[in-house]
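*Asks:* This is the content of protein.pdb (PDB, C-alpha atoms):
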ATOM      1  CA  MET R   1     116.479 113.200 160.201  1.00  0.00           C
ATOM      2  CA  THR R   2     117.449 113.680 163.833  1.00  0.00           C
ATOM      3  CA  PRO R   3     119.868 111.290 165.582  1.00  0.00           C
ATOM      4  CA  ASP R   4     117.051 109.808 167.655  1.00  0.00           C
ATOM      5  CA  ALA R   5     114.884 109.324 164.551  1.00  0.00           C
ATOM      6  CA  PHE R   6     117.810 107.503 162.972  1.00  0.00           C
ATOM      7  CA  LEU R   7     118.183 105.252 166.027  1.00  0.00           C
ATOM      8  CA  SER R   8     114.437 104.578 166.106  1.00  0.00           C
ATOM      9  CA  LEU R   9     114.576 103.549 162.461  1.00  0.00           C
ATOM     10  CA  LEU R  10     117.372 101.108 163.258  1.00  0.00           C
ATOM     11  CA  ARG R  11     115.508  99.696 166.262  1.00  0.00           C
ATOM     12  CA  THR R  12     112.390  99.035 164.156  1.00  0.00           C
ATOM     13  CA  HIS R  13     114.372  96.951 161.672  1.00  0.00           C
ATOM     14  CA  TRP R  14     117.372  95.985 163.808  1.00  0.00           C
ATOM     15  CA  PRO R  15     117.526  92.164 163.522  1.00  0.00           C
ATOM     16  CA  MET R  16     116.777  92.265 159.798  1.00  0.00           C
ATOM     17  CA  THR R  17     119.395  95.004 159.305  1.00  0.00           C
ATOM     18  CA  LEU R  18     122.135  93.056 161.063  1.00  0.00           C
ATOM     19  CA  ALA R  19     121.207  89.895 159.173  1.00  0.00           C
ATOM     20  CA  ALA R  20     121.809  91.768 155.896  1.00  0.00           C
ATOM     21  CA  LEU R  21     125.360  92.860 156.855  1.00  0.00           C
ATOM     22  CA  ASP R  22     128.555  90.820 156.892  1.00  0.00           C
ATOM     23  CA  GLY R  23     130.529  90.308 160.101  1.00  0.00           C
ATOM     24  CA  ASP R  24     132.961  93.148 159.432  1.00  0.00           C
ATOM     25  CA  ARG R  25     130.253  95.723 158.841  1.00  0.00           C
ATOM     26  CA  ARG R  26     128.337  94.560 161.908  1.00  0.00           C
ATOM     27  CA  ALA R  27     131.485  95.064 163.975  1.00  0.00           C
ATOM     28  CA  ARG R  28     131.963  98.563 162.548  1.00  0.00           C
ATOM     29  CA  LEU R  29     128.318  99.329 163.201  1.00  0.00           C
ATOM     30  CA  ARG R  30     128.839  98.333 166.838  1.00  0.00           C
ATOM     31  CA  ASP R  31     131.917 100.592 167.002  1.00  0.00           C
ATOM     32  CA  GLY R  32     129.888 103.468 165.549  1.00  0.00           C
ATOM     33  CA  LEU R  33     127.198 103.014 168.188  1.00  0.00           C
ATOM     34  CA  ASN R  34     129.833 102.990 170.912  1.00  0.00           C
ATOM     35  CA  ASP R  35     131.331 106.181 169.450  1.00  0.00           C
ATOM     36  CA  LEU R  36     127.874 107.748 169.483  1.00  0.00           C
ATOM     37  CA  ALA R  37     127.428 106.754 173.127  1.00  0.00           C
ATOM     38  CA  ALA R  38     130.739 108.398 173.973  1.00  0.00           C
ATOM     39  CA  ALA R  39     130.181 111.542 171.865  1.00  0.00           C
ATOM     40  CA  GLY R  40     130.613 114.712 173.899  1.00  0.00           C
ATOM     41  CA  ASP R  41     129.753 117.388 171.372  1.00  0.00           C
ATOM     42  CA  ARG R  42     127.848 117.997 168.154  1.00  0.00           C
ATOM     43  CA  LYS R  43     130.786 117.197 165.883  1.00  0.00           C
ATOM     44  CA  ALA R  44     131.400 113.873 167.597  1.00  0.00           C
ATOM     45  CA  VAL R  45     127.715 112.967 167.255  1.00  0.00           C
ATOM     46  CA  GLU R  46     127.737 113.784 163.543  1.00  0.00           C
ATOM     47  CA  ARG R  47     131.004 111.888 163.029  1.00  0.00           C
ATOM     48  CA  ALA R  48     129.568 108.775 164.679  1.00  0.00           C
ATOM     49  CA  LEU R  49     126.398 109.040 162.585  1.00  0.00           C
ATOM     50  CA  ARG R  50     128.467 109.253 159.406  1.00  0.00           C
ATOM     51  CA  THR R  51     130.310 106.090 160.431  1.00  0.00           C
ATOM     52  CA  LEU R  52     127.017 104.301 161.030  1.00  0.00           C
ATOM     53  CA  ARG R  53     125.574 105.445 157.720  1.00  0.00           C
ATOM     54  CA  LEU R  54     128.688 104.290 155.875  1.00  0.00           C
ATOM     55  CA  GLN R  55     128.243 100.735 157.153  1.00  0.00           C
ATOM     56  CA  LEU R  56     124.608 100.732 156.040  1.00  0.00           C
ATOM     57  CA  ARG R  57     125.449 101.533 152.416  1.00  0.00           C
ATOM     58  CA  SER R  58     125.797  97.843 151.637  1.00  0.00           C
ATOM     59  CA  LEU R  59     122.162  97.147 152.519  1.00  0.00           C
ATOM     60  CA  PRO R  60     119.999  96.053 149.567  1.00  0.00           C
ATOM     61  CA  PRO R  61     118.181  99.052 148.047  1.00  0.00           C
ATOM     62  CA  ASP R  62     114.794  97.562 148.960  1.00  0.00           C
ATOM     63  CA  HIS R  63     115.744  97.181 152.622  1.00  0.00           C
ATOM     64  CA  PRO R  64     113.486  99.468 154.734  1.00  0.00           C
ATOM     65  CA  VAL R  65     116.460 101.213 156.368  1.00  0.00           C
ATOM     66  CA  ALA R  66     118.131 101.814 153.000  1.00  0.00           C
ATOM     67  CA  ARG R  67     114.859 103.204 151.631  1.00  0.00           C
ATOM     68  CA  GLU R  68     114.467 105.619 154.531  1.00  0.00           C
ATOM     69  CA  LEU R  69     118.056 106.854 154.318  1.00  0.00           C
ATOM     70  CA  SER R  70     118.058 107.195 150.548  1.00  0.00           C
ATOM     71  CA  GLY R  71     118.509 110.813 149.573  1.00  0.00           C
ATOM     72  CA  THR R  72     119.177 112.119 153.084  1.00  0.00           C
ATOM     73  CA  VAL R  73     122.572 113.778 153.250  1.00  0.00           C
ATOM     74  CA  ARG R  74     122.725 115.211 156.779  1.00  0.00           C
ATOM     75  CA  TYR R  75     121.256 114.806 160.227  1.00  0.00           C
ATOM     76  CA  ALA R  76     119.149 117.780 161.208  1.00  0.00           C
ATOM     77  CA  ASP R  77     119.132 119.130 164.733  1.00  0.00           C
ATOM     78  CA  ALA R  78     122.106 117.128 165.934  1.00  0.00           C
ATOM     79  CA  PRO R  79     122.423 118.007 169.637  1.00  0.00           C
ATOM     80  CA  PRO R  80     125.205 120.357 170.834  1.00  0.00           C
ATOM     81  CA  ALA R  81     125.734 117.986 173.785  1.00  0.00           C
ATOM     82  CA  PRO R  82     125.444 114.172 174.063  1.00  0.00           C
ATOM     83  CA  THR R  83     121.668 114.076 174.533  1.00  0.00           C
ATOM     84  CA  VAL R  84     121.191 111.110 172.220  1.00  0.00           C
ATOM     85  CA  ASP R  85     118.622 108.653 173.616  1.00  0.00           C
ATOM     86  CA  ARG R  86     120.729 106.318 175.791  1.00  0.00           C
ATOM     87  CA  ALA R  87     117.957 103.767 176.174  1.00  0.00           C
ATOM     88  CA  LEU R  88     117.719 103.394 172.402  1.00  0.00           C
ATOM     89  CA  LEU R  89     121.471 103.017 172.126  1.00  0.00           C
ATOM     90  CA  GLY R  90     121.435 100.400 174.863  1.00  0.00           C
ATOM     91  CA  GLU R  91     118.776  98.362 173.056  1.00  0.00           C
ATOM     92  CA  LEU R  92     120.818  98.374 169.863  1.00  0.00           C
ATOM     93  CA  LEU R  93     124.094  97.518 171.582  1.00  0.00           C
ATOM     94  CA  ASP R  94     122.545  94.663 173.574  1.00  0.00           C
ATOM     95  CA  VAL R  95     122.476  92.619 170.366  1.00  0.00           C
ATOM     96  CA  PHE R  96     126.282  92.573 170.330  1.00  0.00           C
ATOM     97  CA  ALA R  97     126.512  90.418 173.442  1.00  0.00           C
ATOM     98  CA  ASP R  98     129.116  87.662 173.520  1.00  0.00           C
ATOM     99  CA  PRO R  99     128.772  85.453 171.526  1.00  0.00           C
ATOM    100  CA  PRO R 100     127.372  87.638 168.742  1.00  0.00           C
ATOM    101  CA  PRO R 101     124.304  86.289 166.942  1.00  0.00           C
ATOM    102  CA  GLY R 102     124.816  84.926 163.449  1.00  0.00           C
ATOM    103  CA  PRO R 103     122.775  85.917 160.375  1.00  0.00           C
ATOM    104  CA  ALA R 104     120.395  82.971 160.771  1.00  0.00           C
ATOM    105  CA  GLU R 105     119.683  83.895 164.389  1.00  0.00           C
ATOM    106  CA  LEU R 106     119.139  87.537 163.487  1.00  0.00           C
ATOM    107  CA  LEU R 107     116.769  86.620 160.683  1.00  0.00           C
ATOM    108  CA  ARG R 108     114.901  84.311 163.040  1.00  0.00           C
ATOM    109  CA  ALA R 109     114.523  87.211 165.484  1.00  0.00           C
ATOM    110  CA  ALA R 110     113.066  89.352 162.691  1.00  0.00           C
ATOM    111  CA  HIS R 111     110.598  86.596 161.869  1.00  0.00           C
ATOM    112  CA  GLU R 112     109.637  86.256 165.528  1.00  0.00           C
ATOM    113  CA  ARG R 113     108.847  89.973 165.682  1.00  0.00           C
ATOM    114  CA  LEU R 114     106.538  89.697 162.691  1.00  0.00           C
ATOM    115  CA  TRP R 115     105.022  86.460 163.972  1.00  0.00           C
ATOM    116  CA  ARG R 116     103.864  88.213 167.147  1.00  0.00           C
ATOM    117  CA  THR R 117     101.534  90.560 165.275  1.00  0.00           C
ATOM    118  CA  PRO R 118      97.808  89.779 165.773  1.00  0.00           C
ATOM    119  CA  ALA R 119      96.748  87.194 163.215  1.00  0.00           C
ATOM    120  CA  LEU R 120      94.121  84.653 162.189  1.00  0.00           C
ATOM    121  CA  GLY R 121      94.655  80.926 161.914  1.00  0.00           C
ATOM    122  CA  PRO R 122      93.569  78.892 158.867  1.00  0.00           C
ATOM    123  CA  ALA R 123      90.393  77.720 160.625  1.00  0.00           C
ATOM    124  CA  GLU R 124      89.295  81.323 161.166  1.00  0.00           C
ATOM    125  CA  LEU R 125      89.335  82.253 157.486  1.00  0.00           C
ATOM    126  CA  ALA R 126      86.144  82.489 155.466  1.00  0.00           C
ATOM    127  CA  PRO R 127      85.603  79.314 153.383  1.00  0.00           C
ATOM    128  CA  GLU R 128      86.171  81.089 150.075  1.00  0.00           C
ATOM    129  CA  THR R 129      89.446  82.495 151.390  1.00  0.00           C
ATOM    130  CA  ALA R 130      90.597  79.295 153.091  1.00  0.00           C
ATOM    131  CA  ASP R 131      90.323  77.392 149.811  1.00  0.00           C
ATOM    132  CA  ASP R 132      93.203  79.389 148.313  1.00  0.00           C
ATOM    133  CA  PRO R 133      94.676  82.121 150.572  1.00  0.00           C
ATOM    134  CA  ALA R 134      97.379  82.961 148.028  1.00  0.00           C
ATOM    135  CA  ALA R 135      94.795  83.625 145.339  1.00  0.00           C
ATOM    136  CA  ALA R 136      92.975  85.817 147.857  1.00  0.00           C
ATOM    137  CA  GLY R 137      96.098  87.985 148.027  1.00  0.00           C
ATOM    138  CA  LEU R 138      96.931  87.306 151.673  1.00  0.00           C
ATOM    139  CA  ILE R 139     100.269  87.261 153.448  1.00  0.00           C
ATOM    140  CA  ARG R 140     100.766  83.844 154.998  1.00  0.00           C
ATOM    141  CA  LEU R 141     103.485  83.542 157.643  1.00  0.00           C
ATOM    142  CA  THR R 142     104.552  79.985 158.360  1.00  0.00           C
ATOM    143  CA  HIS R 143     106.184  79.314 161.713  1.00  0.00           C
ATOM    144  CA  PRO R 144     108.100  76.046 162.290  1.00  0.00           C
ATOM    145  CA  GLY R 145     105.984  73.841 164.504  1.00  0.00           C
ATOM    146  CA  SER R 146     103.126  76.352 164.737  1.00  0.00           C
ATOM    147  CA  GLY R 147     101.610  76.269 161.265  1.00  0.00           C
ATOM    148  CA  ASP R 148     100.293  79.202 159.259  1.00  0.00           C
ATOM    149  CA  ARG R 149      99.132  82.620 160.407  1.00  0.00           C
ATOM    150  CA  TYR R 150      97.505  85.483 158.493  1.00  0.00           C
ATOM    151  CA  PRO R 151      98.230  88.954 159.955  1.00  0.00           C
ATOM    152  CA  ARG R 152      94.990  90.527 161.173  1.00  0.00           C
ATOM    153  CA  PHE R 153      95.530  93.935 159.546  1.00  0.00           C
ATOM    154  CA  GLN R 154      94.736  92.334 156.186  1.00  0.00           C
ATOM    155  CA  PHE R 155      91.044  91.988 157.046  1.00  0.00           C
ATOM    156  CA  ALA R 156      88.244  94.500 157.507  1.00  0.00           C
ATOM    157  CA  ALA R 157      87.660  95.225 161.199  1.00  0.00           C
ATOM    158  CA  GLY R 158      85.536  92.586 162.888  1.00  0.00           C
ATOM    159  CA  THR R 159      85.361  90.400 159.764  1.00  0.00           C
ATOM    160  CA  THR R 160      87.389  87.850 157.848  1.00  0.00           C
ATOM    161  CA  GLU R 161      86.976  89.774 154.597  1.00  0.00           C
ATOM    162  CA  PRO R 162      90.347  90.714 153.030  1.00  0.00           C
ATOM    163  CA  LEU R 163      90.672  94.438 152.385  1.00  0.00           C
ATOM    164  CA  PRO R 164      90.878  95.197 148.638  1.00  0.00           C
ATOM    165  CA  VAL R 165      93.763  97.646 149.103  1.00  0.00           C
ATOM    166  CA  VAL R 166      95.711  95.043 151.076  1.00  0.00           C
ATOM    167  CA  ARG R 167      95.176  92.457 148.356  1.00  0.00           C
ATOM    168  CA  ARG R 168      96.323  94.971 145.763  1.00  0.00           C
ATOM    169  CA  ILE R 169      99.462  95.952 147.659  1.00  0.00           C
ATOM    170  CA  ASN R 170     100.323  92.367 148.561  1.00  0.00           C
ATOM    171  CA  HIS R 171     100.302  91.642 144.838  1.00  0.00           C
ATOM    172  CA  ILE R 172     102.632  94.598 144.235  1.00  0.00           C
ATOM    173  CA  LEU R 173     104.958  93.358 146.999  1.00  0.00           C
ATOM    174  CA  MET R 174     104.830  89.775 145.643  1.00  0.00           C
ATOM    175  CA  ALA R 175     103.701  88.486 149.019  1.00  0.00           C
ATOM    176  CA  ASP R 176     103.187  85.011 147.577  1.00  0.00           C
ATOM    177  CA  LYS R 177     106.954  84.771 146.956  1.00  0.00           C
ATOM    178  CA  ASP R 178     108.267  86.861 149.881  1.00  0.00           C
ATOM    179  CA  PRO R 179     105.633  86.925 152.631  1.00  0.00           C
ATOM    180  CA  TRP R 180     108.086  87.966 155.353  1.00  0.00           C
ATOM    181  CA  GLY R 181     109.348  90.896 153.284  1.00  0.00           C
ATOM    182  CA  ALA R 182     105.780  91.999 152.540  1.00  0.00           C
ATOM    183  CA  ALA R 183     104.866  91.715 156.223  1.00  0.00           C
ATOM    184  CA  ASP R 184     107.911  93.774 157.165  1.00  0.00           C
ATOM    185  CA  TRP R 185     106.808  96.537 154.765  1.00  0.00           C
ATOM    186  CA  TRP R 186     103.336  96.618 156.303  1.00  0.00           C
ATOM    187  CA  LEU R 187     104.504  96.458 159.922  1.00  0.00           C
ATOM    188  CA  GLY R 188     107.664  98.578 159.774  1.00  0.00           C
ATOM    189  CA  GLY R 189     108.079 102.340 159.808  1.00  0.00           C
ATOM    190  CA  ASN R 190     107.696 104.132 156.479  1.00  0.00           C
ATOM    191  CA  GLY R 191     109.169 107.603 156.097  1.00  0.00           C
ATOM    192  CA  ARG R 192     107.166 108.473 152.995  1.00  0.00           C
ATOM    193  CA  LEU R 193     103.923 107.692 154.786  1.00  0.00           C
ATOM    194  CA  ALA R 194     105.146 109.015 158.159  1.00  0.00           C
ATOM    195  CA  GLY R 195     103.914 105.912 159.943  1.00  0.00           C
ATOM    196  CA  ILE R 196     103.425 102.162 159.850  1.00  0.00           C
ATOM    197  CA  PRO R 197     101.411 101.200 156.739  1.00  0.00           C
ATOM    198  CA  ALA R 198      99.252  98.611 158.532  1.00  0.00           C
ATOM    199  CA  GLU R 199      98.239 101.242 161.087  1.00  0.00           C
ATOM    200  CA  LEU R 200      97.418 103.763 158.362  1.00  0.00           C
ATOM    201  CA  LEU R 201      94.758 101.647 156.670  1.00  0.00           C
ATOM    202  CA  GLY R 202      91.641 103.756 156.556  1.00  0.00           C
ATOM    203  CA  GLU R 203      93.600 106.798 157.778  1.00  0.00           C
ATOM    204  CA  VAL R 204      95.348 107.720 154.533  1.00  0.00           C
ATOM    205  CA  PRO R 205      94.028 107.273 150.972  1.00  0.00           C
ATOM    206  CA  ASP R 206      94.439 103.792 149.541  1.00  0.00           C
ATOM    207  CA  GLU R 207      96.243 105.291 146.546  1.00  0.00           C
ATOM    208  CA  ASP R 208      98.915 106.774 148.794  1.00  0.00           C
ATOM    209  CA  LEU R 209      99.575 103.356 150.312  1.00  0.00           C
ATOM    210  CA  ALA R 210      99.700 101.705 146.909  1.00  0.00           C
ATOM    211  CA  ARG R 211     101.987 104.417 145.539  1.00  0.00           C
ATOM    212  CA  ALA R 212     104.451 103.897 148.408  1.00  0.00           C
ATOM    213  CA  ALA R 213     104.546 100.169 147.647  1.00  0.00           C
ATOM    214  CA  LEU R 214     105.024 100.808 143.930  1.00  0.00           C
ATOM    215  CA  GLU R 215     107.913 103.164 144.654  1.00  0.00           C
ATOM    216  CA  LEU R 216     109.596 100.432 146.675  1.00  0.00           C
ATOM    217  CA  VAL R 217     109.246  97.884 143.871  1.00  0.00           C
ATOM    218  CA  ALA R 218     110.353 100.403 141.250  1.00  0.00           C
ATOM    219  CA  GLY R 219     113.504 101.086 143.238  1.00  0.00           C
ATOM    220  CA  CYS R 220     114.493  97.413 143.471  1.00  0.00           C
TER     221      CYS R 220
END
Please re-express this file's structure in structure tokens.

*Replies:*
Amino acid sequence: MTPDAFLSLLRTHWPMTLAALDGDRRARLRDGLNDLAAAGDRKAVERALRTLRLQLRSLPPDHPVARELSGTVRYADAPPAPTVDRALLGELLDVFADPPPGPAELLRAAHERLWRTPALGPAELAPETADDPAAAGLIRLTHPGSGDRYPRFQFAAGTTEPLPVVRRINHILMADKDPWGAADWWLGGNGRLAGIPAELLGEVPDEDLARAALELVAGC
């Protein structure tokens, strides 16, 4: 994993990652990012990356960042000079503005990111699905004051028919109990699949998608 790939992974799951860390580890993560920004040679870059990785060890094993980093022991192609993506670093460091956001605020930001994905409202569902969306195997995201939304990727293009593979994987991910976690799996980067699962529907075999979900659950 290159340094920029590592930073991109963090950016994809940044609010949820910070929400999962205590205040001390968040502070050390900030220090590691600042060290990376100041790194002037390859060794300094690798040292900063080791510091960052150390703070992420306390993430739950089913956290998407923990899953992606599991088993990786070094950062390939670390630059000989500080050519790390400064824009990415800036985006990550912006979160540490004064006053720093608390866990609830960070989790709310993660929910807002998922809420913005294209979705259907309850009135747009087919009658047989609207009667019992949970039984239909759908992720339902409930937003305070805005009601329920059903991410659009779950349905066949141009229809309100739930995709069988989505229903199957939502069951594996226990979307009825943790809809936000299931949505994050679908809409976040996945190293095993080399992409975002929701965007890979129809592009990779259904079994590959289901296997990736099963591996996540098996590792919990």

*Asks:* List as a ChimeraX atom specification the protein and nucleic acid residues near Ile139 in chain R, meaning an atom at most 7 Å away when all atoms listed in the file are counted, but skip any in the same chain fewer than 6 places from it.

*Replies:* /R:150,175-176,179,183

*Asks:* I'd like to see the residues matched by the PyMOL selection byres ((chain R and resi 212) around 12) on this file, and ideally I'd get them as a VMD selection string.

*Replies:* chain R and resid 64 67 to 68 169 172 to 173 185 to 186 190 to 197 204 to 211 213 to 219

*Asks:* Would you write out, as a PyMOL selection string, every residue that the PyMOL selection byres ((chain R and resi 33) around 8) captures in this file?

*Replies:* chain R and resi 29-32+34-37+48+52+89+93

*Asks:* Go through R:Ala136, R:Leu201, R:Leu187, R:Ala104 and flag the residue nearest Ala157 in chain R, using all atoms listed in the file for the distances.

*Replies:* R:Leu201

*Asks:* Box along x, y and z, 3 Å on every side, all listed atoms of range 113-116 of chain R inside: centre and edge lengths in Å to one decimal, as AutoDock Vina command-line options.

*Replies:*
--center_x 106.4 --center_y 88.2 --center_z 164.9 --size_x 11.0 --size_y 9.5 --size_z 10.5

*Asks:* Identify which of the residues R:Leu9, R:Ala123, R:Leu49, R:Ala19 lies closest to Ala66 in chain R, counting all atoms listed in the file when measuring atom-to-atom distances.

*Replies:*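 Among the listed residues, R:Leu9 lies closest to Ala66 in chain R.
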
*Asks:* Can you pull out every residue within 12 Å of Pro15 in chain R, counting all atoms listed in the file, but drop anything in the same chain fewer than 6 positions away, and send it as a list in words?

*Replies:*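 Counting all atoms listed in the file, the residues come to Leu9, Leu21, Arg26, Val65, Glu91, Leu92, Leu93, Asp94, Val95, Phe96, Pro101, Gly102, Pro103, Ala104, Glu105, Leu106, Leu107, Arg108, Ala109, Ala110, His111, Glu112, Arg113, Leu114 and Asp184 of chain R.
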
*Asks:* Measuring atom to atom with all atoms listed in the file, identify which of R:Leu141, R:Ala119, R:Leu69, R:Val166 is nearest to Leu200 in chain R.

*Replies:*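 For Leu200 in chain R, the nearest of the given residues is R:Val166.
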
*Asks:* Between CA of Arg152 in chain R and CA of Leu59 in chain R, what is the distance, to one decimal in Å?

*Replies:* 29.3 Å
